[in-house]
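A.B. asks: One structure is given below, represented as structure tokens, and several questions about it will come after.
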Amino acid sequence: MKASRPAKPDPRGWHAHGAVAVGMASSGATSMPTQKAAWACHPAAVAVLLILAWTFLQAADAPKPGDAITNSIGMKLACVPAGEFAMGSPAGEKGREEEEALHRVKITRPFRLGVTEVTQAQWKVVSGGRRGKFEGENLPVEDISWADAVAFCEKLSKMEGRKYRLPTEAEWEYACRAGTAGRFAGDKLDDVAWYDANSDGRTHPVATKKPNAWGLYDMHGNVAEWCADYYAPAYPAASVTDPAGPPEGKARVVRGGSWASFERGCRSASRHSSPAAYQLKFIGVRVVMELAP
């Protein structure tokens, strides 16, 4: 994204991812009882086995990628695992922009992400009133500023007693890709997105296209989504861990493309930004729920 682009973003382009063997012993004399297993008498060995068993049980109970819960306002949130991925796009990708330099990113903490964009019904429950140029309870909320989105997360956190926030740009692309590395997290954009070519110039009810591999809908198209980060026109040259963007800037990151975007603007790697105060009919929000450490 070039710093010199028009102040008001063009929604069409959206450009600027076997058990342990234990020895048993016998005295050899038929009149003597068989000795106990060596491990049974060793407290350290018993402790190790207990730790291994506990770890196994925790792993068995841990949510799997895409496993979803439903909170008190009916919002579904899918588990996004910790992991590592290639953020950005390769040099030959169709529609690629210079600001999408490919680099490795590690996400060290799992989190939950809204299965859909925040709907108008959910917004009304948390923030009161209706927000959006298009009216419909199951339509994604739009026409909100970055501060509006942050305030929604803060109010929802108080209601739920859990920490809700905007995703970082890296978390957003990691969740969007869901293990894929192509232009889109699906075989065909029409299967997963409402965009310029099929939207009829408006938003559509959430979750009416196919989800990605982690059960997330509308990561491409419908409405673009505010991220937590300030926009930076260049990615880090080296690998990074849990990046959160620059400490300051003139605009906030927006991801995903919208109903008004061309195909290239809906790619997994496509980046855009908007001044935080703008309220546009093609920008909405999707929230993160942090998991307890």
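Chain labels A, B, ... are given in the sequence in which chains occur in the structure tokens; within each chain residues are numbered consecutively from 1, and ligands are likewise numbered from 1 in the order shown.
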From range 54-261 of chain A, collect each residue whose DSSP state is alpha helix (DSSP H) and return the set as a ChimeraX atom specification.
C.D. replies: /A:54-61,120-127,146-160,169-177,189-192
A.B. asks: Show me, as an MDAnalysis selection string, the residues that have an atom within 7 Å of Lys133 in chain A when counting only C-alpha atoms, minus same-chain residues fewer than 2 positions from it.
C.D. replies: chainID A and resid 135 143 281
A.B. asks: Take CA of Leu216 in chain A and CA of Gly132 in chain A and report the distance between them in Å, one decimal.
C.D. replies: 21.9 Å
A.B. asks: Determine the nearest neighbour of Val141 in chain A from the options A:Ala269, A:Ala232, A:Val223, A:Met75, counting only C-alpha atoms.
C.D. replies: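 Looking at the shortest contact to Val141 in chain A, the residue is A:Val223.
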A.B. asks: So which residues touch Thr70 in chain A within 12 Å, counting only C-alpha atoms, skipping near sequence neighbours fewer than 2 positions away, as a PyMOL selection string?
C.D. replies: chain A and resi 67-68+72-79+112-116+160+289
A.B. asks: Using only C-alpha atoms for the distances, tell me which of A:Ser145, A:Thr119, A:Asn138, A:Ser268 is nearest to Leu280 in chain A.
C.D. replies: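 With only C-alpha atoms as the atom set, the closest residue is A:Ser145.
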A.B. asks: I'd like the interatomic distance between CA of Ala207 in chain A and CA of Asn71 in chain A, to a tenth of an Å.
C.D. replies: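 Between these atoms lies a distance of 17.3 Å.
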A.B. asks: Assign secondary structure with DSSP using the backbone only, and return the residues of range 62-134 of chain A in strand (DSSP E) as a JSON list (two decimals) with N, CA and C atoms, in the first residue's frame.
C.D. replies:
```
[["chain", "number", "residue", "atom", "x", "y", "z"],
["A", 68, "ALA", "N", -15.92, -25.16, 17.73],
["A", 68, "ALA", "CA", -16.58, -23.89, 18.04],
["A", 68, "ALA", "C", -17.39, -23.97, 19.33],
["A", 69, "ILE", "N", -17.46, -22.85, 20.02],
["A", 69, "ILE", "CA", -18.35, -22.68, 21.16],
["A", 69, "ILE", "C", -19.31, -21.54, 20.84],
["A", 70, "THR", "N", -20.35, -21.40, 21.63],
["A", 70, "THR", "CA", -21.31, -20.31, 21.44],
["A", 70, "THR", "C", -21.39, -19.51, 22.73],
["A", 76, "LYS", "N", -20.78, -17.56, 17.64],
["A", 76, "LYS", "CA", -19.95, -18.75, 17.60],
["A", 76, "LYS", "C", -18.49, -18.35, 17.39],
["A", 77, "LEU", "N", -17.60, -19.03, 18.12],
["A", 77, "LEU", "CA", -16.17, -18.73, 18.06],
["A", 77, "LEU", "C", -15.40, -20.03, 17.88],
["A", 78, "ALA", "N", -14.60, -20.10, 16.81],
["A", 78, "ALA", "CA", -13.86, -21.31, 16.48],
["A", 78, "ALA", "C", -12.44, -21.24, 17.02],
["A", 79, "CYS", "N", -11.91, -22.40, 17.37],
["A", 79, "CYS", "CA", -10.54, -22.48, 17.88],
["A", 79, "CYS", "C", -9.55, -22.34, 16.72],
["A", 80, "VAL", "N", -8.60, -21.43, 16.90],
["A", 80, "VAL", "CA", -7.49, -21.26, 15.96],
["A", 80, "VAL", "C", -6.23, -21.68, 16.70],
["A", 83, "GLY", "N", 0.69, -21.87, 15.75],
["A", 83, "GLY", "CA", 1.36, -22.45, 14.59],
["A", 83, "GLY", "C", 2.24, -21.45, 13.88],
["A", 84, "GLU", "N", 2.73, -21.85, 12.74],
["A", 84, "GLU", "CA", 3.63, -21.03, 11.94],
["A", 84, "GLU", "C", 3.18, -21.06, 10.49],
["A", 85, "PHE", "N", 3.32, -19.95, 9.78],
["A", 85, "PHE", "CA", 2.89, -19.91, 8.38],
["A", 85, "PHE", "C", 3.69, -18.88, 7.60],
["A", 86, "ALA", "N", 3.53, -18.94, 6.28],
["A", 86, "ALA", "CA", 4.15, -17.96, 5.39],
["A", 86, "ALA", "C", 3.14, -16.86, 5.14],
["A", 87, "MET", "N", 3.42, -15.66, 5.66],
["A", 87, "MET", "CA", 2.52, -14.52, 5.50],
["A", 87, "MET", "C", 2.95, -13.70, 4.29],
["A", 103, "HIS", "N", 7.12, -13.76, 4.24],
["A", 103, "HIS", "CA", 7.97, -13.93, 5.41],
["A", 103, "HIS", "C", 7.31, -14.90, 6.38],
["A", 104, "ARG", "N", 8.12, -15.55, 7.22],
["A", 104, "ARG", "CA", 7.61, -16.52, 8.17],
["A", 104, "ARG", "C", 7.09, -15.83, 9.42],
["A", 105, "VAL", "N", 5.96, -16.30, 9.91],
["A", 105, "VAL", "CA", 5.36, -15.75, 11.12],
["A", 105, "VAL", "C", 4.97, -16.91, 12.04],
["A", 106, "LYS", "N", 5.30, -16.76, 13.31],
["A", 106, "LYS", "CA", 4.92, -17.75, 14.31],
["A", 106, "LYS", "C", 3.85, -17.15, 15.22],
["A", 107, "ILE", "N", 2.76, -17.88, 15.37],
["A", 107, "ILE", "CA", 1.69, -17.52, 16.31],
["A", 107, "ILE", "C", 1.81, -18.48, 17.49],
["A", 111, "PHE", "N", -6.18, -19.13, 19.96],
["A", 111, "PHE", "CA", -7.24, -18.18, 20.30],
["A", 111, "PHE", "C", -8.53, -18.62, 19.63],
["A", 112, "ARG", "N", -9.60, -17.95, 19.99],
["A", 112, "ARG", "CA", -10.87, -18.21, 19.31],
["A", 112, "ARG", "C", -11.22, -17.00, 18.46],
["A", 113, "LEU", "N", -11.76, -17.26, 17.29],
["A", 113, "LEU", "CA", -12.14, -16.20, 16.35],
["A", 113, "LEU", "C", -13.59, -16.38, 15.95],
["A", 114, "GLY", "N", -14.30, -15.27, 15.82],
["A", 114, "GLY", "CA", -15.68, -15.34, 15.40],
["A", 114, "GLY", "C", -15.85, -16.16, 14.13]]
```
A.B. asks: Would you kindly return, as a list of chain:residue names, each protein, DNA or RNA residue with an atom no farther than 7 Å from any atom of Asn212 in chain A, considering only C-alpha atoms and excluding same-chain residues fewer than 6 positions away?
C.D. replies: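 The residues satisfying every condition are A:Ala178, A:Ala185, A:Gly186.
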A.B. asks: With distances taken over only C-alpha atoms, which of A:Leu291, A:Met219, A:Ala251, A:Ile283 is nearest to Glu173 in chain A?
C.D. replies: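 Looking only at the distances to Glu173 in chain A, the closest residue turns out to be A:Met219.
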A.B. asks: I'd like the contact shell of Tyr195 in chain A - 10 Å cut-off, only C-alpha atoms, skipping same-chain residues fewer than 4 positions apart - returned as a list in words.
C.D. replies: Arg12, Leu189, Asp190, Ser199, Asp200, Gly201, Arg202, Thr203, His220, Gly221, Asn222, Val223, Gly257, Ser258, Trp259, Ala260, Ser261, Phe262, Glu263, Gly265 and Cys266 of chain A
